[in-house]
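Structure first, then comments.
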Amino acid sequence: MKTKKIVSALFAVLMAGVLSLGTAYAQNRAKSTPESDFEVRLLDDEESVTIVKYTGKAANIVIPATIQGCPVKSISGIDSKIVESIVLPDGVEYIGKMRVYNLKSVVIPASVKYIADNAFDSCKLKNVVLPEGVKYIGESAFKYCDQLESINLPESIEYIGRWAFSGCENLKSLSIPSACHVIEKEAFGACNGLTEVKIPGNIKLFQFPGDENQSLFDYCFASYSTNIKSLAVVKQLKNCKPFKIDPNWYDNYTDRYNWNVSGNIHSQFYKSYY
């Protein structure tokens, strides 16, 4: 009799667990925005897709990990005045240009490597968490996100494009990772709310021809970003004019990523997201 009771109890516990897992699975499935709300295009690998358009009406979207049975590897072309939040699935590696000017929050997975030009231009983002693994922040990627107060730059960042954070006037502090080799002109221009900037002493930066006489401070932050209170940093930046690096290092870097003279990346890996 006791054995039957024990078996019955174990069976009840097992069934409860199965039901609980099933409920959680159903809830997770329900969280994803319907696949039919997205238009996609097959990428060159003929296995994964890029999202090129959002046709839904929801303000909060959770992009599914797969659409039409193919993993979602790239996001671009979302043009919506009503979208306020986006959750990207694990597996996405590239975030392209979007027009989501009312976007207030975004969840970026650790799989993302590239944030392309104008990806979040003029959004209403307040706090952004970039995961370790992001290497590239393109031109004007967060330009005019004037409500942005904080963003972490992970150690994996290697390139910050021109005007990437220009006009983020509520950004309070910055810590540039030591792996960052390229910061383009006015990447942080008109960030008038900045009060603290941390730059590692061993950072290697490249300055494009014609700007050799500008200090690092004027080049990256522009002379009108005058509210930085970390005087030691400002003095260091204003006195720093070299931007000179080992030519062999630059050659190796351009060979590695196939940069063109304007600093845009054109590796096969990057191209594969179009």
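Ordered as shown in the structure tokens, chains take letters A, B, and onward, while each chain numbers its residues from 1 and ligands are numbered from 1 in the order shown.
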
Practice item. Write out as an NGL selection string which residues come within 8 Å of segment 177-179 of chain A when counting only C-alpha atoms, dropping same-chain ones fewer than 5 positions away. Key: :A and (153-158 or 199-200 or 202-203)

**Study point:** Neighbour list for Ser166 of chain A as JSON, numbers by chain, cut-off 12 Å, only C-alpha atoms, skip fewer than 3 positions in-chain
**Key:** {"A": [118, 121, 122, 138, 139, 140, 141, 142, 143, 144, 145, 146, 148, 160, 161, 162, 163, 169, 170, 171, 184, 185, 186, 187, 188, 189, 190, 191, 192, 193, 194, 220, 221, 222, 224, 225]}

Suppose we keep C-alpha atoms; can you now write the selection as a PDB file, in the first residue's frame?
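This is the output file part_4.pdb:
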```pdb
ATOM      1  CA  ASN A 118      22.487  54.605 -38.120  1.00  0.00           C
ATOM      2  CA  ASP A 121      19.963  56.952 -34.773  1.00  0.00           C
ATOM      3  CA  SER A 122      17.644  59.425 -32.941  1.00  0.00           C
ATOM      4  CA  GLY A 138      29.161  52.158 -37.021  1.00  0.00           C
ATOM      5  CA  GLU A 139      28.797  55.771 -38.100  1.00  0.00           C
ATOM      6  CA  SER A 140      25.935  57.591 -36.342  1.00  0.00           C
ATOM      7  CA  ALA A 141      24.883  54.311 -34.707  1.00  0.00           C
ATOM      8  CA  PHE A 142      23.520  56.118 -31.622  1.00  0.00           C
ATOM      9  CA  LYS A 143      23.607  59.675 -32.951  1.00  0.00           C
ATOM     10  CA  TYR A 144      21.108  62.094 -31.411  1.00  0.00           C
ATOM     11  CA  CYS A 145      19.935  59.596 -28.795  1.00  0.00           C
ATOM     12  CA  ASP A 146      19.569  62.642 -26.584  1.00  0.00           C
ATOM     13  CA  LEU A 148      20.782  58.213 -23.477  1.00  0.00           C
ATOM     14  CA  ILE A 160      33.777  53.329 -33.010  1.00  0.00           C
ATOM     15  CA  GLY A 161      32.602  55.175 -36.118  1.00  0.00           C
ATOM     16  CA  ARG A 162      32.226  58.853 -36.879  1.00  0.00           C
ATOM     17  CA  TRP A 163      29.412  60.561 -34.960  1.00  0.00           C
ATOM     18  CA  GLU A 169      23.864  65.184 -24.570  1.00  0.00           C
ATOM     19  CA  ASN A 170      22.702  63.302 -21.470  1.00  0.00           C
ATOM     20  CA  LEU A 171      25.494  60.747 -21.546  1.00  0.00           C
ATOM     21  CA  GLU A 184      36.638  58.237 -35.783  1.00  0.00           C
ATOM     22  CA  LYS A 185      36.167  61.992 -35.852  1.00  0.00           C
ATOM     23  CA  GLU A 186      33.571  63.456 -33.469  1.00  0.00           C
ATOM     24  CA  ALA A 187      32.471  60.023 -32.343  1.00  0.00           C
ATOM     25  CA  PHE A 188      31.426  61.711 -29.092  1.00  0.00           C
ATOM     26  CA  GLY A 189      30.854  65.220 -30.428  1.00  0.00           C
ATOM     27  CA  ALA A 190      28.308  67.403 -28.634  1.00  0.00           C
ATOM     28  CA  CYS A 191      28.083  64.995 -25.714  1.00  0.00           C
ATOM     29  CA  ASN A 192      27.779  68.013 -23.454  1.00  0.00           C
ATOM     30  CA  GLY A 193      26.638  66.033 -20.417  1.00  0.00           C
ATOM     31  CA  LEU A 194      29.893  64.100 -20.156  1.00  0.00           C
ATOM     32  CA  CYS A 220      37.017  62.535 -30.816  1.00  0.00           C
ATOM     33  CA  PHE A 221      34.916  64.821 -28.641  1.00  0.00           C
ATOM     34  CA  ALA A 222      34.966  68.065 -30.634  1.00  0.00           C
ATOM     35  CA  TYR A 224      32.263  72.106 -28.039  1.00  0.00           C
ATOM     36  CA  SER A 225      32.105  69.177 -25.620  1.00  0.00           C
TER      37      SER A 225
END
```

Review point. Which residue out of A:Lys97, A:Lys31, A:Lys57, A:Lys135 has the minimum interatomic distance to Lys113 of chain A when only C-alpha atoms are used?
Key: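 Between A:Lys97, A:Lys31, A:Lys57, A:Lys135, the residue approaching Lys113 of chain A most closely is A:Lys135.
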
Review point. Please, which residues of segment 56-142 of chain A, numbered as in this document, come out strand (DSSP E or B) from DSSP, as an MDAnalysis selection string?
Key: chainID A and resid 60:62 66:67 70:75 79 85:87 94:95 99 105:107 114:115 127:128 136:137

Point to revise | Residue contacts of segment 33-47 of chain A (10 Å, only C-alpha atoms) excluding same-chain residues fewer than 4 positions away, as number ranges by chain | key: A: 29, 51-58, 60-78, 87, 271-274

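Of note, atom CA of Ile115 of chain A and atom CA of Ile137 of chain A are spaced 4.9 Å apart.
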
Point to revise | Non-local contacts of Ser80 of chain A (8 Å; only C-alpha atoms; under 4 positions in same chain excluded) as a PyMOL selection string | key: chain A and resi 54+99-101

Would you put the residues from that selection into a file with N, CA and C atoms, as a PDB file, in the first residue's frame?
```pdb
ATOM      1  N   TYR A  54       9.330  45.202 -40.869  1.00  0.00           N
ATOM      2  CA  TYR A  54       8.364  44.839 -39.833  1.00  0.00           C
ATOM      3  C   TYR A  54       7.014  45.400 -40.244  1.00  0.00           C
ATOM      4  N   ARG A  99      14.693  52.597 -38.468  1.00  0.00           N
ATOM      5  CA  ARG A  99      14.039  53.874 -38.162  1.00  0.00           C
ATOM      6  C   ARG A  99      12.971  53.591 -37.119  1.00  0.00           C
ATOM      7  N   VAL A 100      13.395  53.612 -35.888  1.00  0.00           N
ATOM      8  CA  VAL A 100      12.480  53.327 -34.768  1.00  0.00           C
ATOM      9  C   VAL A 100      12.670  54.435 -33.736  1.00  0.00           C
ATOM     10  N   TYR A 101      12.211  55.624 -34.090  1.00  0.00           N
ATOM     11  CA  TYR A 101      12.540  56.819 -33.326  1.00  0.00           C
ATOM     12  C   TYR A 101      11.874  56.890 -31.956  1.00  0.00           C
TER      13      TYR A 101
END
```

Exercise for review: Point out the residue among A:Met98, A:Val112, A:Val83, A:Val182 with the least atom-to-atom distance to Glu132 of chain A, counting only C-alpha atoms.
Suggested key: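 Nearest candidate to Glu132 of chain A out of A:Met98, A:Val112, A:Val83, A:Val182: A:Val112.
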
Point to revise | A:Cys123, A:Val49, A:Val129, A:Ile108 ranked by distance to Leu88 of chain A, top pick (using only C-alpha atoms) | key: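 Closest to Leu88 of chain A, using only C-alpha atoms: A:Ile108.
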